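Contents: one structure, followed by commentary.
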Amino acid sequence: MIQEKIIIKNEVGLHARPAAQFVKTAEKYQSKVRLCKDGIWVNGKSVLGILTLAAEHGTEIILEVSGPDEKEAFHELKKILESE
(Lines give C-alpha, C1' and ligand atoms only; values in the text may rest on other atoms or scores of the structure.)
Protein backbone atom coordinates (compact mmCIF):
# COMPACT_ATOMS: atom_id res chain seq x y z
CA MET A 1 0.00 0.00 0.00
CA ILE A 2 1.25 3.46 -0.89
CA GLN A 3 -0.21 6.46 0.91
CA GLU A 4 0.80 10.12 0.73
CA LYS A 5 -0.60 13.54 1.58
CA ILE A 6 -1.00 15.71 -1.51
CA ILE A 7 -1.94 19.35 -1.92
CA ILE A 8 -4.41 20.11 -4.73
CA LYS A 9 -2.67 22.61 -7.02
CA ASN A 10 -5.37 23.02 -9.69
CA GLU A 11 -6.75 26.59 -9.51
CA VAL A 12 -10.35 25.37 -9.47
CA GLY A 13 -9.73 22.37 -7.25
CA LEU A 14 -10.73 18.78 -7.89
CA HIS A 15 -13.90 19.63 -9.83
CA ALA A 16 -15.73 17.52 -12.43
CA ARG A 17 -13.17 17.48 -15.26
CA PRO A 18 -10.08 16.58 -13.20
CA ALA A 19 -12.17 14.14 -11.15
CA ALA A 20 -13.31 12.40 -14.34
CA GLN A 21 -9.72 12.28 -15.60
CA PHE A 22 -8.61 10.86 -12.24
CA VAL A 23 -11.28 8.13 -12.33
CA LYS A 24 -10.55 7.25 -15.96
CA THR A 25 -6.89 6.79 -15.07
CA ALA A 26 -7.63 4.89 -11.85
CA GLU A 27 -9.85 2.45 -13.74
CA LYS A 28 -6.90 1.41 -15.92
CA TYR A 29 -5.35 -0.27 -12.89
CA GLN A 30 -6.34 -3.28 -10.80
CA SER A 31 -5.29 -1.60 -7.57
CA LYS A 32 -7.77 -0.19 -5.08
CA VAL A 33 -7.69 3.62 -5.02
CA ARG A 34 -9.00 5.77 -2.19
CA LEU A 35 -8.93 9.47 -1.39
CA CYS A 36 -9.38 11.06 2.03
CA LYS A 37 -10.17 14.61 3.11
CA ASP A 38 -10.89 15.56 6.71
CA GLY A 39 -11.17 11.90 7.74
CA ILE A 40 -13.68 11.02 5.03
CA TRP A 41 -12.55 8.25 2.68
CA VAL A 42 -14.04 7.81 -0.79
CA ASN A 43 -13.57 5.36 -3.65
CA GLY A 44 -11.04 6.83 -6.07
CA LYS A 45 -12.80 5.12 -8.97
CA SER A 46 -16.04 7.04 -8.40
CA VAL A 47 -16.50 10.56 -9.81
CA LEU A 48 -19.39 11.17 -7.43
CA GLY A 49 -17.30 10.03 -4.47
CA ILE A 50 -14.46 12.37 -5.41
CA LEU A 51 -16.82 15.31 -5.92
CA THR A 52 -18.29 14.83 -2.44
CA LEU A 53 -14.88 15.70 -1.00
CA ALA A 54 -15.25 19.26 -2.39
CA ALA A 55 -11.46 19.50 -2.61
CA GLU A 56 -10.60 23.07 -3.50
CA HIS A 57 -7.27 24.62 -4.49
CA GLY A 58 -4.81 24.21 -1.62
CA THR A 59 -6.73 21.37 0.04
CA GLU A 60 -4.67 18.58 1.56
CA ILE A 61 -5.91 15.11 0.69
CA ILE A 62 -4.53 11.62 1.18
CA LEU A 63 -4.08 9.38 -1.84
CA GLU A 64 -3.95 5.66 -1.03
CA VAL A 65 -3.32 2.97 -3.63
CA SER A 66 -3.03 -0.74 -2.87
CA GLY A 67 -2.76 -3.69 -5.21
CA PRO A 68 -0.59 -5.46 -7.76
CA ASP A 69 0.11 -2.36 -9.88
CA GLU A 70 0.11 0.21 -7.09
CA LYS A 71 3.42 1.88 -7.93
CA GLU A 72 2.46 2.76 -11.50
CA ALA A 73 -1.07 3.77 -10.51
CA PHE A 74 0.11 5.94 -7.61
CA HIS A 75 2.67 7.76 -9.75
CA GLU A 76 0.16 8.56 -12.50
CA LEU A 77 -2.68 9.54 -10.14
CA LYS A 78 -0.40 11.77 -8.07
CA LYS A 79 0.56 13.66 -11.23
CA ILE A 80 -3.11 14.39 -11.93
CA LEU A 81 -3.72 15.68 -8.40
CA GLU A 82 -0.63 17.89 -8.50
CA SER A 83 -1.22 19.29 -11.99
CA GLU A 84 -2.00 22.99 -12.15
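By order in the C-alpha coordinates, chains are A, B, ...; within a chain, residues start at 1; ligands start at 1, following the order shown.
Listed by chain and then by rising number, the residues of chain A that DSSP assigns to strand (DSSP E) from the backbone are Ile2, Gln3, Glu4, Lys5, Ile6, Ile7, Lys32, Val33, Arg34, Leu35, Cys36, Lys37, Ile40, Trp41, Val42, Asn43, Glu60, Ile61, Ile62, Leu63, Glu64, Val65 and Ser66 of chain A.
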Just the residues within 10 Å of Ala20 (chain A), please, counting only C-alpha atoms, with nothing from its chain fewer than 5 positions along; format it as a PyMOL selection string.
chain A and resi 14-15+25-26+45-48+50-51
Mind writing the picked residues with all heavy atoms as a PDB file, in the first residue's frame?
ATOM      1  N   LEU A  14     -10.458  20.091  -7.288  1.00  0.00           N
ATOM      2  CA  LEU A  14     -10.728  18.781  -7.892  1.00  0.00           C
ATOM      3  C   LEU A  14     -12.193  18.740  -8.324  1.00  0.00           C
ATOM      4  O   LEU A  14     -13.010  18.025  -7.774  1.00  0.00           O
ATOM      5  CB  LEU A  14     -10.410  17.671  -6.875  1.00  0.00           C
ATOM      6  CG  LEU A  14     -10.246  16.247  -7.394  1.00  0.00           C
ATOM      7  CD1 LEU A  14      -9.252  16.187  -8.541  1.00  0.00           C
ATOM      8  CD2 LEU A  14      -9.808  15.334  -6.275  1.00  0.00           C
ATOM      9  N   HIS A  15     -12.525  19.553  -9.334  1.00  0.00           N
ATOM     10  CA  HIS A  15     -13.904  19.635  -9.828  1.00  0.00           C
ATOM     11  C   HIS A  15     -14.164  18.521 -10.843  1.00  0.00           C
ATOM     12  O   HIS A  15     -13.368  17.597 -10.970  1.00  0.00           O
ATOM     13  CB  HIS A  15     -14.182  21.027 -10.414  1.00  0.00           C
ATOM     14  CG  HIS A  15     -13.377  21.317 -11.652  1.00  0.00           C
ATOM     15  ND1 HIS A  15     -13.840  21.030 -12.899  1.00  0.00           N
ATOM     16  CD2 HIS A  15     -12.133  21.840 -11.810  1.00  0.00           C
ATOM     17  CE1 HIS A  15     -12.923  21.366 -13.788  1.00  0.00           C
ATOM     18  NE2 HIS A  15     -11.874  21.868 -13.158  1.00  0.00           N
ATOM     19  N   THR A  25      -8.236   7.328 -15.269  1.00  0.00           N
ATOM     20  CA  THR A  25      -6.887   6.795 -15.073  1.00  0.00           C
ATOM     21  C   THR A  25      -6.885   5.682 -14.028  1.00  0.00           C
ATOM     22  O   THR A  25      -6.275   4.632 -14.223  1.00  0.00           O
ATOM     23  CB  THR A  25      -5.924   7.926 -14.648  1.00  0.00           C
ATOM     24  OG1 THR A  25      -5.938   8.938 -15.646  1.00  0.00           O
ATOM     25  CG2 THR A  25      -4.512   7.402 -14.467  1.00  0.00           C
ATOM     26  N   ALA A  26      -7.584   5.892 -12.928  1.00  0.00           N
ATOM     27  CA  ALA A  26      -7.630   4.893 -11.848  1.00  0.00           C
ATOM     28  C   ALA A  26      -8.224   3.572 -12.336  1.00  0.00           C
ATOM     29  O   ALA A  26      -7.791   2.491 -11.912  1.00  0.00           O
ATOM     30  CB  ALA A  26      -8.439   5.435 -10.675  1.00  0.00           C
ATOM     31  N   LYS A  45     -12.316   5.500  -7.643  1.00  0.00           N
ATOM     32  CA  LYS A  45     -12.796   5.123  -8.967  1.00  0.00           C
ATOM     33  C   LYS A  45     -14.248   5.562  -9.154  1.00  0.00           C
ATOM     34  O   LYS A  45     -14.940   5.074 -10.031  1.00  0.00           O
ATOM     35  CB  LYS A  45     -12.647   3.614  -9.173  1.00  0.00           C
ATOM     36  CG  LYS A  45     -11.178   3.176  -9.189  1.00  0.00           C
ATOM     37  CD  LYS A  45     -11.001   1.703  -9.472  1.00  0.00           C
ATOM     38  CE  LYS A  45      -9.516   1.348  -9.505  1.00  0.00           C
ATOM     39  NZ  LYS A  45      -9.293  -0.062  -9.803  1.00  0.00           N
ATOM     40  N   SER A  46     -14.684   6.510  -8.330  1.00  0.00           N
ATOM     41  CA  SER A  46     -16.044   7.040  -8.400  1.00  0.00           C
ATOM     42  C   SER A  46     -15.991   8.559  -8.514  1.00  0.00           C
ATOM     43  O   SER A  46     -15.521   9.239  -7.597  1.00  0.00           O
ATOM     44  CB  SER A  46     -16.832   6.638  -7.145  1.00  0.00           C
ATOM     45  OG  SER A  46     -18.003   7.428  -7.026  1.00  0.00           O
ATOM     46  N   VAL A  47     -16.478   9.099  -9.634  1.00  0.00           N
ATOM     47  CA  VAL A  47     -16.497  10.561  -9.806  1.00  0.00           C
ATOM     48  C   VAL A  47     -17.344  11.198  -8.711  1.00  0.00           C
ATOM     49  O   VAL A  47     -16.948  12.201  -8.104  1.00  0.00           O
ATOM     50  CB  VAL A  47     -17.046  10.948 -11.199  1.00  0.00           C
ATOM     51  CG1 VAL A  47     -17.237  12.451 -11.306  1.00  0.00           C
ATOM     52  CG2 VAL A  47     -16.116  10.465 -12.290  1.00  0.00           C
ATOM     53  N   LEU A  48     -18.502  10.612  -8.448  1.00  0.00           N
ATOM     54  CA  LEU A  48     -19.388  11.166  -7.427  1.00  0.00           C
ATOM     55  C   LEU A  48     -18.705  11.176  -6.054  1.00  0.00           C
ATOM     56  O   LEU A  48     -18.790  12.155  -5.309  1.00  0.00           O
ATOM     57  CB  LEU A  48     -20.695  10.362  -7.366  1.00  0.00           C
ATOM     58  CG  LEU A  48     -21.775  10.929  -6.463  1.00  0.00           C
ATOM     59  CD1 LEU A  48     -22.140  12.351  -6.874  1.00  0.00           C
ATOM     60  CD2 LEU A  48     -23.012  10.045  -6.507  1.00  0.00           C
ATOM     61  N   ILE A  50     -15.506  11.337  -5.421  1.00  0.00           N
ATOM     62  CA  ILE A  50     -14.463  12.370  -5.407  1.00  0.00           C
ATOM     63  C   ILE A  50     -15.084  13.756  -5.273  1.00  0.00           C
ATOM     64  O   ILE A  50     -14.594  14.596  -4.518  1.00  0.00           O
ATOM     65  CB  ILE A  50     -13.597  12.269  -6.679  1.00  0.00           C
ATOM     66  CG1 ILE A  50     -12.797  10.963  -6.653  1.00  0.00           C
ATOM     67  CG2 ILE A  50     -12.669  13.465  -6.802  1.00  0.00           C
ATOM     68  CD1 ILE A  50     -12.051  10.659  -7.930  1.00  0.00           C
ATOM     69  N   LEU A  51     -16.179  13.992  -5.978  1.00  0.00           N
ATOM     70  CA  LEU A  51     -16.825  15.311  -5.921  1.00  0.00           C
ATOM     71  C   LEU A  51     -17.379  15.608  -4.533  1.00  0.00           C
ATOM     72  O   LEU A  51     -17.448  16.769  -4.124  1.00  0.00           O
ATOM     73  CB  LEU A  51     -17.917  15.414  -6.981  1.00  0.00           C
ATOM     74  CG  LEU A  51     -17.420  15.419  -8.431  1.00  0.00           C
ATOM     75  CD1 LEU A  51     -18.598  15.449  -9.396  1.00  0.00           C
ATOM     76  CD2 LEU A  51     -16.478  16.582  -8.690  1.00  0.00           C
TER      77      LEU A  51
END
Taking only C-alpha atoms into account, name the residue in A:Lys37, A:Arg17, A:His57, A:Lys24 that is nearest to Lys5 (chain A).
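Residue with the minimum atom-to-atom distance to Lys5 (chain A): A:Lys37.
The space separating CA of Gln3 (chain A) from CA of Ala55 (chain A) comes to 17.6 Å.
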Give me every alpha helix (DSSP H) residue in region 2-71 of chain A, going by DSSP on the backbone, as a short mmCIF file (atom, residue, chain, number, x, y, z; two decimals) with all heavy atoms, in the first residue's frame.
data_model
loop_
_atom_site.label_atom_id
_atom_site.label_comp_id
_atom_site.auth_asym_id
_atom_site.auth_seq_id
_atom_site.Cartn_x
_atom_site.Cartn_y
_atom_site.Cartn_z
N ALA A 16 -15.26 18.61 -11.58
CA ALA A 16 -15.73 17.52 -12.43
C ALA A 16 -14.71 17.02 -13.46
O ALA A 16 -14.50 15.81 -13.58
CB ALA A 16 -17.01 17.93 -13.14
N ARG A 17 -14.09 17.93 -14.20
CA ARG A 17 -13.17 17.48 -15.26
C ARG A 17 -11.94 16.75 -14.70
O ARG A 17 -11.66 15.63 -15.13
CB ARG A 17 -12.75 18.65 -16.14
CG ARG A 17 -11.91 18.17 -17.33
CD ARG A 17 -11.50 19.27 -18.26
NE ARG A 17 -12.68 19.91 -18.84
CZ ARG A 17 -12.69 21.13 -19.34
NH1 ARG A 17 -11.61 21.85 -19.32
NH2 ARG A 17 -13.77 21.63 -19.85
N PRO A 18 -11.22 17.34 -13.74
CA PRO A 18 -10.08 16.58 -13.20
C PRO A 18 -10.51 15.32 -12.46
O PRO A 18 -9.79 14.31 -12.48
CB PRO A 18 -9.38 17.56 -12.25
CG PRO A 18 -10.11 18.83 -12.30
CD PRO A 18 -11.25 18.71 -13.25
N ALA A 19 -11.68 15.34 -11.83
CA ALA A 19 -12.17 14.14 -11.15
C ALA A 19 -12.44 13.03 -12.16
O ALA A 19 -12.10 11.87 -11.93
CB ALA A 19 -13.43 14.46 -10.36
N ALA A 20 -13.03 13.39 -13.30
CA ALA A 20 -13.31 12.40 -14.34
C ALA A 20 -12.00 11.85 -14.92
O ALA A 20 -11.88 10.64 -15.16
CB ALA A 20 -14.15 13.02 -15.45
N GLN A 21 -11.03 12.73 -15.11
CA GLN A 21 -9.72 12.28 -15.60
C GLN A 21 -9.05 11.34 -14.58
O GLN A 21 -8.48 10.33 -14.94
CB GLN A 21 -8.82 13.49 -15.86
CG GLN A 21 -7.46 13.11 -16.39
CD GLN A 21 -6.51 14.30 -16.48
OE1 GLN A 21 -6.81 15.38 -16.00
NE2 GLN A 21 -5.36 14.10 -17.07
N PHE A 22 -9.18 11.69 -13.30
CA PHE A 22 -8.61 10.86 -12.24
C PHE A 22 -9.24 9.46 -12.25
O PHE A 22 -8.54 8.45 -12.21
CB PHE A 22 -8.84 11.55 -10.88
CG PHE A 22 -8.20 10.84 -9.73
CD1 PHE A 22 -6.92 11.17 -9.32
CD2 PHE A 22 -8.88 9.84 -9.04
CE1 PHE A 22 -6.32 10.52 -8.26
CE2 PHE A 22 -8.29 9.19 -7.98
CZ PHE A 22 -7.01 9.52 -7.58
N VAL A 23 -10.57 9.41 -12.34
CA VAL A 23 -11.28 8.13 -12.33
C VAL A 23 -10.93 7.30 -13.56
O VAL A 23 -10.69 6.10 -13.46
CB VAL A 23 -12.81 8.36 -12.24
CG1 VAL A 23 -13.58 7.07 -12.51
CG2 VAL A 23 -13.17 8.92 -10.87
N LYS A 24 -10.89 7.96 -14.73
CA LYS A 24 -10.55 7.25 -15.96
C LYS A 24 -9.17 6.61 -15.84
O LYS A 24 -8.97 5.46 -16.26
CB LYS A 24 -10.59 8.23 -17.14
CG LYS A 24 -10.39 7.59 -18.48
CD LYS A 24 -10.55 8.61 -19.59
CE LYS A 24 -10.32 7.96 -20.94
NZ LYS A 24 -10.45 8.93 -22.04
N THR A 25 -8.24 7.33 -15.27
CA THR A 25 -6.89 6.79 -15.07
C THR A 25 -6.89 5.68 -14.03
O THR A 25 -6.28 4.63 -14.22
CB THR A 25 -5.92 7.93 -14.65
OG1 THR A 25 -5.94 8.94 -15.65
CG2 THR A 25 -4.51 7.40 -14.47
N ALA A 26 -7.58 5.89 -12.93
CA ALA A 26 -7.63 4.89 -11.85
C ALA A 26 -8.22 3.57 -12.34
O ALA A 26 -7.79 2.49 -11.91
CB ALA A 26 -8.44 5.44 -10.68
N VAL A 47 -16.48 9.10 -9.63
CA VAL A 47 -16.50 10.56 -9.81
C VAL A 47 -17.34 11.20 -8.71
O VAL A 47 -16.95 12.20 -8.10
CB VAL A 47 -17.05 10.95 -11.20
CG1 VAL A 47 -17.24 12.45 -11.31
CG2 VAL A 47 -16.12 10.46 -12.29
N LEU A 48 -18.50 10.61 -8.45
CA LEU A 48 -19.39 11.17 -7.43
C LEU A 48 -18.70 11.18 -6.05
O LEU A 48 -18.79 12.15 -5.31
CB LEU A 48 -20.69 10.36 -7.37
CG LEU A 48 -21.78 10.93 -6.46
CD1 LEU A 48 -22.14 12.35 -6.87
CD2 LEU A 48 -23.01 10.04 -6.51
N GLY A 49 -18.02 10.09 -5.75
CA GLY A 49 -17.30 10.03 -4.47
C GLY A 49 -16.27 11.13 -4.35
O GLY A 49 -16.16 11.81 -3.32
N ILE A 50 -15.51 11.34 -5.42
CA ILE A 50 -14.46 12.37 -5.41
C ILE A 50 -15.08 13.76 -5.27
O ILE A 50 -14.59 14.60 -4.52
CB ILE A 50 -13.60 12.27 -6.68
CG1 ILE A 50 -12.80 10.96 -6.65
CG2 ILE A 50 -12.67 13.46 -6.80
CD1 ILE A 50 -12.05 10.66 -7.93
N LEU A 51 -16.18 13.99 -5.98
CA LEU A 51 -16.82 15.31 -5.92
C LEU A 51 -17.38 15.61 -4.53
O LEU A 51 -17.45 16.77 -4.12
CB LEU A 51 -17.92 15.41 -6.98
CG LEU A 51 -17.42 15.42 -8.43
CD1 LEU A 51 -18.60 15.45 -9.40
CD2 LEU A 51 -16.48 16.58 -8.69
N THR A 52 -17.76 14.59 -3.79
CA THR A 52 -18.29 14.83 -2.44
C THR A 52 -17.22 15.36 -1.49
O THR A 52 -17.54 15.93 -0.46
CB THR A 52 -18.91 13.56 -1.82
OG1 THR A 52 -17.91 12.55 -1.73
CG2 THR A 52 -20.08 13.05 -2.64
N GLU A 70 0.25 -1.01 -7.88
CA GLU A 70 0.11 0.21 -7.09
C GLU A 70 1.15 1.28 -7.40
O GLU A 70 0.84 2.47 -7.38
CB GLU A 70 0.11 -0.10 -5.59
CG GLU A 70 1.39 -0.70 -5.07
CD GLU A 70 1.29 -1.18 -3.63
OE1 GLU A 70 0.18 -1.49 -3.17
OE2 GLU A 70 2.35 -1.26 -2.99
N LYS A 71 2.37 0.88 -7.68
CA LYS A 71 3.42 1.88 -7.93
C LYS A 71 3.12 2.71 -9.18
O LYS A 71 3.20 3.94 -9.15
CB LYS A 71 4.79 1.21 -8.08
CG LYS A 71 5.36 0.71 -6.78
CD LYS A 71 6.73 0.12 -6.97
CE LYS A 71 7.24 -0.42 -5.65
NZ LYS A 71 8.54 -1.07 -5.79
#
Just want the 8 Å neighbourhood of Phe74 (chain A), counted on only C-alpha atoms, with same-chain residues fewer than 4 positions away dropped. Output as a PDB file with all heavy atoms, in the first residue's frame.
ATOM      1  N   ILE A   2       0.546   2.181  -0.836  1.00  0.00           N
ATOM      2  CA  ILE A   2       1.247   3.465  -0.893  1.00  0.00           C
ATOM      3  C   ILE A   2       0.252   4.539  -0.490  1.00  0.00           C
ATOM      4  O   ILE A   2      -0.869   4.585  -1.008  1.00  0.00           O
ATOM      5  CB  ILE A   2       1.779   3.753  -2.309  1.00  0.00           C
ATOM      6  CG1 ILE A   2       2.711   2.632  -2.771  1.00  0.00           C
ATOM      7  CG2 ILE A   2       2.505   5.086  -2.337  1.00  0.00           C
ATOM      8  CD1 ILE A   2       3.145   2.761  -4.222  1.00  0.00           C
ATOM      9  N   LEU A  63      -3.892  10.344  -0.750  1.00  0.00           N
ATOM     10  CA  LEU A  63      -4.075   9.375  -1.838  1.00  0.00           C
ATOM     11  C   LEU A  63      -3.534   8.039  -1.353  1.00  0.00           C
ATOM     12  O   LEU A  63      -2.400   7.964  -0.887  1.00  0.00           O
ATOM     13  CB  LEU A  63      -3.317   9.822  -3.096  1.00  0.00           C
ATOM     14  CG  LEU A  63      -3.222   8.808  -4.241  1.00  0.00           C
ATOM     15  CD1 LEU A  63      -4.608   8.434  -4.777  1.00  0.00           C
ATOM     16  CD2 LEU A  63      -2.339   9.357  -5.359  1.00  0.00           C
ATOM     17  N   GLU A  64      -4.365   7.002  -1.446  1.00  0.00           N
ATOM     18  CA  GLU A  64      -3.954   5.661  -1.030  1.00  0.00           C
ATOM     19  C   GLU A  64      -4.217   4.690  -2.179  1.00  0.00           C
ATOM     20  O   GLU A  64      -5.320   4.652  -2.714  1.00  0.00           O
ATOM     21  CB  GLU A  64      -4.747   5.230   0.203  1.00  0.00           C
ATOM     22  CG  GLU A  64      -4.386   3.836   0.696  1.00  0.00           C
ATOM     23  CD  GLU A  64      -5.250   3.440   1.871  1.00  0.00           C
ATOM     24  OE1 GLU A  64      -4.940   3.857   2.993  1.00  0.00           O
ATOM     25  OE2 GLU A  64      -6.254   2.725   1.635  1.00  0.00           O
ATOM     26  N   VAL A  65      -3.202   3.952  -2.553  1.00  0.00           N
ATOM     27  CA  VAL A  65      -3.322   2.973  -3.629  1.00  0.00           C
ATOM     28  C   VAL A  65      -2.757   1.655  -3.132  1.00  0.00           C
ATOM     29  O   VAL A  65      -1.644   1.614  -2.590  1.00  0.00           O
ATOM     30  CB  VAL A  65      -2.553   3.428  -4.897  1.00  0.00           C
ATOM     31  CG1 VAL A  65      -2.736   2.423  -6.014  1.00  0.00           C
ATOM     32  CG2 VAL A  65      -3.013   4.806  -5.337  1.00  0.00           C
ATOM     33  N   GLU A  70       0.248  -1.013  -7.880  1.00  0.00           N
ATOM     34  CA  GLU A  70       0.108   0.214  -7.086  1.00  0.00           C
ATOM     35  C   GLU A  70       1.150   1.282  -7.399  1.00  0.00           C
ATOM     36  O   GLU A  70       0.845   2.468  -7.384  1.00  0.00           O
ATOM     37  CB  GLU A  70       0.106  -0.098  -5.586  1.00  0.00           C
ATOM     38  CG  GLU A  70       1.393  -0.700  -5.073  1.00  0.00           C
ATOM     39  CD  GLU A  70       1.287  -1.183  -3.635  1.00  0.00           C
ATOM     40  OE1 GLU A  70       0.178  -1.487  -3.166  1.00  0.00           O
ATOM     41  OE2 GLU A  70       2.351  -1.262  -2.993  1.00  0.00           O
ATOM     42  N   LYS A  78      -0.995  10.639  -8.788  1.00  0.00           N
ATOM     43  CA  LYS A  78      -0.403  11.771  -8.070  1.00  0.00           C
ATOM     44  C   LYS A  78      -0.138  12.931  -9.035  1.00  0.00           C
ATOM     45  O   LYS A  78      -0.370  14.089  -8.691  1.00  0.00           O
ATOM     46  CB  LYS A  78       0.906  11.339  -7.393  1.00  0.00           C
ATOM     47  CG  LYS A  78       1.571  12.442  -6.598  1.00  0.00           C
ATOM     48  CD  LYS A  78       2.839  11.962  -5.934  1.00  0.00           C
ATOM     49  CE  LYS A  78       3.543  13.120  -5.237  1.00  0.00           C
ATOM     50  NZ  LYS A  78       4.803  12.702  -4.622  1.00  0.00           N
TER      51      LYS A  78
END
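Nearest residue to Leu81 (chain A), choosing from A:Ala54, A:Ile40, A:Glu27, A:Ile61 and counting only C-alpha atoms: A:Ile61.
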Have a look at A:Leu53, A:Gly39, A:Val33, A:Glu84 and name the one nearest to Pro68 (chain A); count only C-alpha atoms.
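Using only C-alpha atoms, the shortest distance to Pro68 (chain A) belongs to A:Val33.
Each of A:Glu4, A:Gly67, A:Ser83, A:Ile62 was compared to Arg34 (chain A) using only C-alpha atoms, and A:Ile62 turns out to be the nearest.
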